[in-house]
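*Asks:* structure-v8.cif (mmCIF, N, CA and C atoms) pasted underneath:
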```cif
data_coords
#
loop_
_atom_site.label_atom_id
_atom_site.label_comp_id
_atom_site.auth_asym_id
_atom_site.auth_seq_id
_atom_site.Cartn_x
_atom_site.Cartn_y
_atom_site.Cartn_z
N LEU A 291 4.45 8.78 -6.17
CA LEU A 291 4.25 7.35 -6.28
C LEU A 291 5.60 6.65 -6.46
N ALA A 292 6.49 7.23 -7.22
CA ALA A 292 7.82 6.64 -7.40
C ALA A 292 8.56 6.56 -6.07
N ARG A 293 8.42 7.56 -5.25
CA ARG A 293 9.08 7.55 -3.94
C ARG A 293 8.48 6.48 -3.02
N ILE A 294 7.18 6.29 -3.10
CA ILE A 294 6.53 5.23 -2.32
C ILE A 294 7.05 3.87 -2.77
N ARG A 295 7.14 3.67 -4.07
CA ARG A 295 7.67 2.41 -4.60
C ARG A 295 9.09 2.17 -4.11
N ASP A 296 9.92 3.20 -4.19
CA ASP A 296 11.31 3.08 -3.70
C ASP A 296 11.35 2.72 -2.22
N LEU A 297 10.50 3.35 -1.43
CA LEU A 297 10.45 3.08 0.00
C LEU A 297 10.02 1.63 0.25
N LEU A 298 9.01 1.17 -0.45
CA LEU A 298 8.55 -0.20 -0.29
C LEU A 298 9.59 -1.21 -0.75
N ASP A 299 10.28 -0.91 -1.84
CA ASP A 299 11.37 -1.77 -2.31
C ASP A 299 12.45 -1.94 -1.24
N PHE A 300 12.66 -0.89 -0.48
CA PHE A 300 13.66 -0.91 0.58
C PHE A 300 13.14 -1.62 1.83
N LEU A 301 11.91 -1.32 2.24
CA LEU A 301 11.38 -1.79 3.52
C LEU A 301 10.81 -3.21 3.52
N VAL A 302 10.03 -3.56 2.52
CA VAL A 302 9.29 -4.81 2.55
C VAL A 302 10.19 -6.04 2.65
N PRO A 303 11.28 -6.11 1.91
CA PRO A 303 12.15 -7.30 2.07
C PRO A 303 12.66 -7.46 3.51
N GLY A 304 12.87 -6.37 4.22
CA GLY A 304 13.28 -6.44 5.61
C GLY A 304 12.21 -7.04 6.50
N TYR A 305 10.96 -6.65 6.26
CA TYR A 305 9.85 -7.23 7.02
C TYR A 305 9.76 -8.73 6.76
N VAL A 306 9.91 -9.12 5.51
CA VAL A 306 9.84 -10.54 5.15
C VAL A 306 10.97 -11.31 5.80
N SER A 307 12.18 -10.77 5.75
CA SER A 307 13.33 -11.48 6.33
C SER A 307 13.22 -11.59 7.85
N GLU A 308 12.48 -10.70 8.49
CA GLU A 308 12.26 -10.77 9.93
C GLU A 308 11.13 -11.75 10.28
N GLY A 309 10.49 -12.32 9.27
CA GLY A 309 9.43 -13.28 9.51
C GLY A 309 8.06 -12.66 9.74
N ARG A 310 7.92 -11.41 9.39
CA ARG A 310 6.61 -10.75 9.55
C ARG A 310 5.62 -11.36 8.58
N HIS A 311 4.39 -11.55 9.03
CA HIS A 311 3.37 -12.17 8.20
C HIS A 311 2.44 -11.16 7.54
N TYR A 312 2.41 -9.93 8.05
CA TYR A 312 1.59 -8.92 7.40
C TYR A 312 2.14 -7.54 7.70
N LEU A 313 1.78 -6.62 6.84
CA LEU A 313 2.17 -5.22 6.97
C LEU A 313 0.95 -4.40 6.57
N THR A 314 0.58 -3.46 7.42
CA THR A 314 -0.54 -2.58 7.10
C THR A 314 0.01 -1.25 6.61
N ILE A 315 -0.47 -0.83 5.47
CA ILE A 315 -0.10 0.47 4.90
C ILE A 315 -1.39 1.27 4.79
N ALA A 316 -1.44 2.41 5.43
CA ALA A 316 -2.64 3.26 5.39
C ALA A 316 -2.37 4.51 4.58
N VAL A 317 -3.31 4.87 3.75
CA VAL A 317 -3.21 6.07 2.92
C VAL A 317 -4.50 6.85 3.12
N GLY A 318 -4.40 8.12 3.35
CA GLY A 318 -5.60 8.91 3.55
C GLY A 318 -5.52 10.27 2.88
N CYS A 319 -6.67 10.82 2.59
CA CYS A 319 -6.76 12.20 2.12
C CYS A 319 -8.14 12.72 2.54
N THR A 320 -8.31 13.98 2.54
CA THR A 320 -9.58 14.58 2.94
C THR A 320 -10.69 14.07 2.04
N GLY A 321 -11.69 13.46 2.64
CA GLY A 321 -12.81 12.94 1.88
C GLY A 321 -12.64 11.48 1.49
N GLY A 322 -11.42 11.06 1.21
CA GLY A 322 -11.14 9.67 0.89
C GLY A 322 -11.71 9.18 -0.43
N ASP A 323 -12.03 10.09 -1.34
CA ASP A 323 -12.66 9.68 -2.59
C ASP A 323 -11.73 9.68 -3.80
N HIS A 324 -10.57 10.25 -3.68
CA HIS A 324 -9.78 10.44 -4.89
C HIS A 324 -8.37 9.89 -4.76
N ARG A 325 -7.45 10.71 -4.27
CA ARG A 325 -6.05 10.30 -4.24
C ARG A 325 -5.82 9.04 -3.43
N SER A 326 -6.42 8.95 -2.25
CA SER A 326 -6.15 7.79 -1.40
C SER A 326 -6.60 6.50 -2.07
N VAL A 327 -7.70 6.53 -2.79
CA VAL A 327 -8.21 5.35 -3.47
C VAL A 327 -7.25 4.93 -4.59
N VAL A 328 -6.81 5.88 -5.37
CA VAL A 328 -5.89 5.60 -6.47
C VAL A 328 -4.54 5.13 -5.96
N ILE A 329 -4.00 5.82 -4.97
CA ILE A 329 -2.69 5.45 -4.42
C ILE A 329 -2.74 4.07 -3.79
N ALA A 330 -3.79 3.76 -3.03
CA ALA A 330 -3.92 2.44 -2.42
C ALA A 330 -3.92 1.35 -3.48
N GLY A 331 -4.64 1.57 -4.54
CA GLY A 331 -4.68 0.60 -5.64
C GLY A 331 -3.33 0.42 -6.30
N GLU A 332 -2.62 1.52 -6.49
CA GLU A 332 -1.30 1.45 -7.11
C GLU A 332 -0.29 0.74 -6.21
N ILE A 333 -0.37 0.98 -4.91
CA ILE A 333 0.51 0.28 -3.97
C ILE A 333 0.24 -1.22 -4.02
N ALA A 334 -1.04 -1.61 -3.99
CA ALA A 334 -1.39 -3.03 -4.05
C ALA A 334 -0.88 -3.66 -5.33
N ARG A 335 -1.07 -2.99 -6.44
CA ARG A 335 -0.61 -3.50 -7.73
C ARG A 335 0.91 -3.68 -7.74
N PHE A 336 1.61 -2.68 -7.22
CA PHE A 336 3.06 -2.73 -7.15
C PHE A 336 3.52 -3.93 -6.31
N LEU A 337 2.91 -4.12 -5.14
CA LEU A 337 3.30 -5.23 -4.26
C LEU A 337 2.99 -6.57 -4.91
N GLN A 338 1.86 -6.67 -5.58
CA GLN A 338 1.51 -7.90 -6.28
C GLN A 338 2.51 -8.23 -7.38
N GLU A 339 2.93 -7.20 -8.11
CA GLU A 339 3.93 -7.40 -9.17
C GLU A 339 5.26 -7.90 -8.60
N LYS A 340 5.54 -7.53 -7.35
CA LYS A 340 6.76 -7.98 -6.68
C LYS A 340 6.59 -9.36 -6.05
N GLY A 341 5.39 -9.91 -6.12
CA GLY A 341 5.13 -11.23 -5.59
C GLY A 341 4.60 -11.27 -4.17
N TYR A 342 4.24 -10.10 -3.63
CA TYR A 342 3.67 -10.03 -2.28
C TYR A 342 2.15 -10.00 -2.37
N PRO A 343 1.48 -10.92 -1.68
CA PRO A 343 0.01 -10.86 -1.69
C PRO A 343 -0.44 -9.55 -1.02
N SER A 344 -1.47 -8.95 -1.57
CA SER A 344 -1.95 -7.70 -0.99
C SER A 344 -3.45 -7.57 -1.19
N ALA A 345 -4.06 -6.79 -0.31
CA ALA A 345 -5.50 -6.53 -0.39
C ALA A 345 -5.71 -5.06 -0.05
N VAL A 346 -6.72 -4.49 -0.65
CA VAL A 346 -7.07 -3.10 -0.40
C VAL A 346 -8.42 -3.06 0.30
N VAL A 347 -8.48 -2.35 1.42
CA VAL A 347 -9.72 -2.15 2.16
C VAL A 347 -9.96 -0.65 2.26
N HIS A 348 -11.09 -0.20 1.72
CA HIS A 348 -11.44 1.22 1.78
C HIS A 348 -12.39 1.42 2.96
N SER A 349 -11.92 2.10 3.98
CA SER A 349 -12.70 2.23 5.21
C SER A 349 -13.87 3.20 5.08
N ASP A 350 -13.81 4.16 4.18
CA ASP A 350 -14.84 5.19 4.11
C ASP A 350 -15.67 5.15 2.85
N VAL A 351 -15.63 4.08 2.09
CA VAL A 351 -16.35 4.01 0.82
C VAL A 351 -17.85 4.16 1.04
N GLU A 352 -18.39 3.56 2.08
CA GLU A 352 -19.83 3.60 2.30
C GLU A 352 -20.32 4.87 2.99
N LYS A 353 -19.41 5.69 3.50
CA LYS A 353 -19.81 6.93 4.18
C LYS A 353 -20.22 7.98 3.17
N GLU A 354 -21.20 8.74 3.52
CA GLU A 354 -21.65 9.85 2.67
C GLU A 354 -21.94 11.03 3.55
#
```
Could you render the structure from this file as structure tokens?
*Replies:*
Amino acid sequence: LARIRDLLDFLVPGYVSEGRHYLTIAVGCTGGDHRSVVIAGEIARFLQEKGYPSAVVHSDVEKE
């Protein structure tokens, strides 16, 4: 997670300075019930703390 934060700290300001209006970050794991859900939430929280609006969409939550 620390490495992801470092990567986002490096990359996101570049996207903003280029005038990009959105960035999609996808996280996956087998089953999609554990790590990917937690990591996606942590990424969103991190971006929000930096002042970037963010939303989390779980594509497989309804699948069983």
*Asks:* Using only C-alpha atoms, pick whichever of A:Gly309, A:Val302, A:Val346, A:Asp296 has the shortest atom-to-atom distance to Val328 of chain A.
*Replies:* A:Val346
*Asks:* Please compute the atom CA of Leu298 of chain A-atom N of Glu339 of chain A distance, one decimal, in Å.
*Replies:*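 Taking atom CA of Leu298 of chain A as the start and atom N of Glu339 of chain A as the end point, the length is 11.9 Å.
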*Asks:* Enumerate the residues of chain A with a DSSP assignment of alpha helix (DSSP H), computed from the backbone, and present them as a compact mmCIF listing (two decimals) with N, CA and C atoms, in the frame of the given file.
*Replies:*
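Once written, out-v3.txt looks like this:
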```txt
# COMPACT_ATOMS: atom_id res chain seq x y z
N ALA A 292 6.49 7.23 -7.22
CA ALA A 292 7.82 6.64 -7.40
C ALA A 292 8.56 6.56 -6.07
N ARG A 293 8.42 7.56 -5.25
CA ARG A 293 9.08 7.55 -3.94
C ARG A 293 8.48 6.48 -3.02
N ILE A 294 7.18 6.29 -3.10
CA ILE A 294 6.53 5.23 -2.32
C ILE A 294 7.05 3.87 -2.77
N ARG A 295 7.14 3.67 -4.07
CA ARG A 295 7.67 2.41 -4.60
C ARG A 295 9.09 2.17 -4.11
N ASP A 296 9.92 3.20 -4.19
CA ASP A 296 11.31 3.08 -3.70
C ASP A 296 11.35 2.72 -2.22
N LEU A 297 10.50 3.35 -1.43
CA LEU A 297 10.45 3.08 0.00
C LEU A 297 10.02 1.63 0.25
N LEU A 298 9.01 1.17 -0.45
CA LEU A 298 8.55 -0.20 -0.29
C LEU A 298 9.59 -1.21 -0.75
N ASP A 299 10.28 -0.91 -1.84
CA ASP A 299 11.37 -1.77 -2.31
C ASP A 299 12.45 -1.94 -1.24
N PHE A 300 12.66 -0.89 -0.48
CA PHE A 300 13.66 -0.91 0.58
C PHE A 300 13.14 -1.62 1.83
N LEU A 301 11.91 -1.32 2.24
CA LEU A 301 11.38 -1.79 3.52
C LEU A 301 10.81 -3.21 3.52
N VAL A 302 10.03 -3.56 2.52
CA VAL A 302 9.29 -4.81 2.55
C VAL A 302 10.19 -6.04 2.65
N PRO A 303 11.28 -6.11 1.91
CA PRO A 303 12.15 -7.30 2.07
C PRO A 303 12.66 -7.46 3.51
N GLY A 304 12.87 -6.37 4.22
CA GLY A 304 13.28 -6.44 5.61
C GLY A 304 12.21 -7.04 6.50
N TYR A 305 10.96 -6.65 6.26
CA TYR A 305 9.85 -7.23 7.02
C TYR A 305 9.76 -8.73 6.76
N VAL A 306 9.91 -9.12 5.51
CA VAL A 306 9.84 -10.54 5.15
C VAL A 306 10.97 -11.31 5.80
N SER A 307 12.18 -10.77 5.75
CA SER A 307 13.33 -11.48 6.33
C SER A 307 13.22 -11.59 7.85
N ARG A 325 -7.45 10.71 -4.27
CA ARG A 325 -6.05 10.30 -4.24
C ARG A 325 -5.82 9.04 -3.43
N SER A 326 -6.42 8.95 -2.25
CA SER A 326 -6.15 7.79 -1.40
C SER A 326 -6.60 6.50 -2.07
N VAL A 327 -7.70 6.53 -2.79
CA VAL A 327 -8.21 5.35 -3.47
C VAL A 327 -7.25 4.93 -4.59
N VAL A 328 -6.81 5.88 -5.37
CA VAL A 328 -5.89 5.60 -6.47
C VAL A 328 -4.54 5.13 -5.96
N ILE A 329 -4.00 5.82 -4.97
CA ILE A 329 -2.69 5.45 -4.42
C ILE A 329 -2.74 4.07 -3.79
N ALA A 330 -3.79 3.76 -3.03
CA ALA A 330 -3.92 2.44 -2.42
C ALA A 330 -3.92 1.35 -3.48
N GLY A 331 -4.64 1.57 -4.54
CA GLY A 331 -4.68 0.60 -5.64
C GLY A 331 -3.33 0.42 -6.30
N GLU A 332 -2.62 1.52 -6.49
CA GLU A 332 -1.30 1.45 -7.11
C GLU A 332 -0.29 0.74 -6.21
N ILE A 333 -0.37 0.98 -4.91
CA ILE A 333 0.51 0.28 -3.97
C ILE A 333 0.24 -1.22 -4.02
N ALA A 334 -1.04 -1.61 -3.99
CA ALA A 334 -1.39 -3.03 -4.05
C ALA A 334 -0.88 -3.66 -5.33
N ARG A 335 -1.07 -2.99 -6.44
CA ARG A 335 -0.61 -3.50 -7.73
C ARG A 335 0.91 -3.68 -7.74
N PHE A 336 1.61 -2.68 -7.22
CA PHE A 336 3.06 -2.73 -7.15
C PHE A 336 3.52 -3.93 -6.31
N LEU A 337 2.91 -4.12 -5.14
CA LEU A 337 3.30 -5.23 -4.26
C LEU A 337 2.99 -6.57 -4.91
N GLN A 338 1.86 -6.67 -5.58
CA GLN A 338 1.51 -7.90 -6.28
C GLN A 338 2.51 -8.23 -7.38
N GLU A 339 2.93 -7.20 -8.11
CA GLU A 339 3.93 -7.40 -9.17
C GLU A 339 5.26 -7.90 -8.60
```
*Asks:* Interatomic distance between atom CA of Gly304 of chain A and atom CA of Val317 of chain A?
*Replies:*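 A separation of 20.9 Å between them.
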*Asks:* Just give me the gap between atom N of Val327 of chain A and atom N of Tyr342 of chain A in Å, one decimal is fine.
*Replies:*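 Computing the Euclidean distance for atom N of Val327 of chain A and atom N of Tyr342 of chain A yields 20.5 Å.
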*Asks:* Neighbouring residues of Arg295 of chain A were defined as those with any atom within 9 Å, considering only C-alpha atoms; residues of the same chain fewer than 6 positions away were excluded. Please report them as a PyMOL selection string.
*Replies:* chain A and resi 333+336-337
*Asks:* Kindly reconstruct segment 307-318 of chain A with all heavy atoms and present the result as a short mmCIF file (atom, residue, chain, number, x, y, z; two decimals), in the frame of the given file.
*Replies:*
```cif
data_model
loop_
_atom_site.label_atom_id
_atom_site.label_comp_id
_atom_site.auth_asym_id
_atom_site.auth_seq_id
_atom_site.Cartn_x
_atom_site.Cartn_y
_atom_site.Cartn_z
N SER A 307 12.18 -10.77 5.75
CA SER A 307 13.33 -11.48 6.33
C SER A 307 13.22 -11.59 7.85
O SER A 307 13.81 -12.50 8.45
CB SER A 307 14.64 -10.80 5.94
OG SER A 307 14.79 -9.55 6.58
N GLU A 308 12.48 -10.70 8.49
CA GLU A 308 12.26 -10.77 9.93
C GLU A 308 11.13 -11.75 10.28
O GLU A 308 10.82 -11.94 11.44
CB GLU A 308 11.91 -9.39 10.49
CG GLU A 308 13.07 -8.43 10.50
CD GLU A 308 12.68 -7.07 11.04
OE1 GLU A 308 11.49 -6.84 11.35
OE2 GLU A 308 13.57 -6.21 11.15
N GLY A 309 10.49 -12.32 9.27
CA GLY A 309 9.43 -13.28 9.51
C GLY A 309 8.06 -12.66 9.74
O GLY A 309 7.15 -13.32 10.22
N ARG A 310 7.92 -11.41 9.39
CA ARG A 310 6.61 -10.75 9.55
C ARG A 310 5.62 -11.36 8.58
O ARG A 310 5.94 -11.65 7.44
CB ARG A 310 6.71 -9.25 9.29
CG ARG A 310 7.75 -8.52 10.08
CD ARG A 310 7.37 -8.41 11.51
NE ARG A 310 8.42 -7.72 12.25
CZ ARG A 310 8.27 -7.20 13.42
NH1 ARG A 310 7.09 -7.27 14.02
NH2 ARG A 310 9.26 -6.62 14.04
N HIS A 311 4.39 -11.55 9.03
CA HIS A 311 3.37 -12.17 8.20
C HIS A 311 2.44 -11.16 7.54
O HIS A 311 1.73 -11.51 6.59
CB HIS A 311 2.55 -13.16 9.02
CG HIS A 311 3.37 -14.31 9.51
ND1 HIS A 311 3.78 -15.32 8.69
CD2 HIS A 311 3.91 -14.56 10.72
CE1 HIS A 311 4.51 -16.18 9.37
NE2 HIS A 311 4.61 -15.74 10.61
N TYR A 312 2.41 -9.93 8.05
CA TYR A 312 1.59 -8.92 7.40
C TYR A 312 2.14 -7.54 7.70
O TYR A 312 2.88 -7.33 8.65
CB TYR A 312 0.12 -9.03 7.82
CG TYR A 312 -0.14 -8.69 9.27
CD1 TYR A 312 -0.44 -7.38 9.66
CD2 TYR A 312 -0.08 -9.67 10.25
CE1 TYR A 312 -0.68 -7.07 10.98
CE2 TYR A 312 -0.32 -9.37 11.58
CZ TYR A 312 -0.62 -8.07 11.94
OH TYR A 312 -0.85 -7.77 13.25
N LEU A 313 1.78 -6.62 6.84
CA LEU A 313 2.17 -5.22 6.97
C LEU A 313 0.95 -4.40 6.57
O LEU A 313 0.34 -4.64 5.53
CB LEU A 313 3.34 -4.91 6.02
CG LEU A 313 3.72 -3.45 5.83
CD1 LEU A 313 4.28 -2.86 7.13
CD2 LEU A 313 4.73 -3.32 4.70
N THR A 314 0.58 -3.46 7.42
CA THR A 314 -0.54 -2.58 7.10
C THR A 314 0.01 -1.25 6.61
O THR A 314 0.86 -0.65 7.26
CB THR A 314 -1.42 -2.34 8.35
OG1 THR A 314 -1.92 -3.60 8.80
CG2 THR A 314 -2.57 -1.41 8.04
N ILE A 315 -0.47 -0.83 5.47
CA ILE A 315 -0.10 0.47 4.90
C ILE A 315 -1.39 1.27 4.79
O ILE A 315 -2.33 0.85 4.12
CB ILE A 315 0.55 0.31 3.51
CG1 ILE A 315 1.80 -0.56 3.62
CG2 ILE A 315 0.87 1.68 2.92
CD1 ILE A 315 2.37 -0.96 2.28
N ALA A 316 -1.44 2.41 5.43
CA ALA A 316 -2.64 3.26 5.39
C ALA A 316 -2.37 4.51 4.58
O ALA A 316 -1.31 5.13 4.71
CB ALA A 316 -3.06 3.63 6.80
N VAL A 317 -3.31 4.87 3.75
CA VAL A 317 -3.21 6.07 2.92
C VAL A 317 -4.50 6.85 3.12
O VAL A 317 -5.59 6.27 3.05
CB VAL A 317 -3.07 5.71 1.42
CG1 VAL A 317 -2.97 6.96 0.57
CG2 VAL A 317 -1.88 4.79 1.19
N GLY A 318 -4.40 8.12 3.35
CA GLY A 318 -5.60 8.91 3.55
C GLY A 318 -5.52 10.27 2.88
O GLY A 318 -4.44 10.77 2.60
#
```
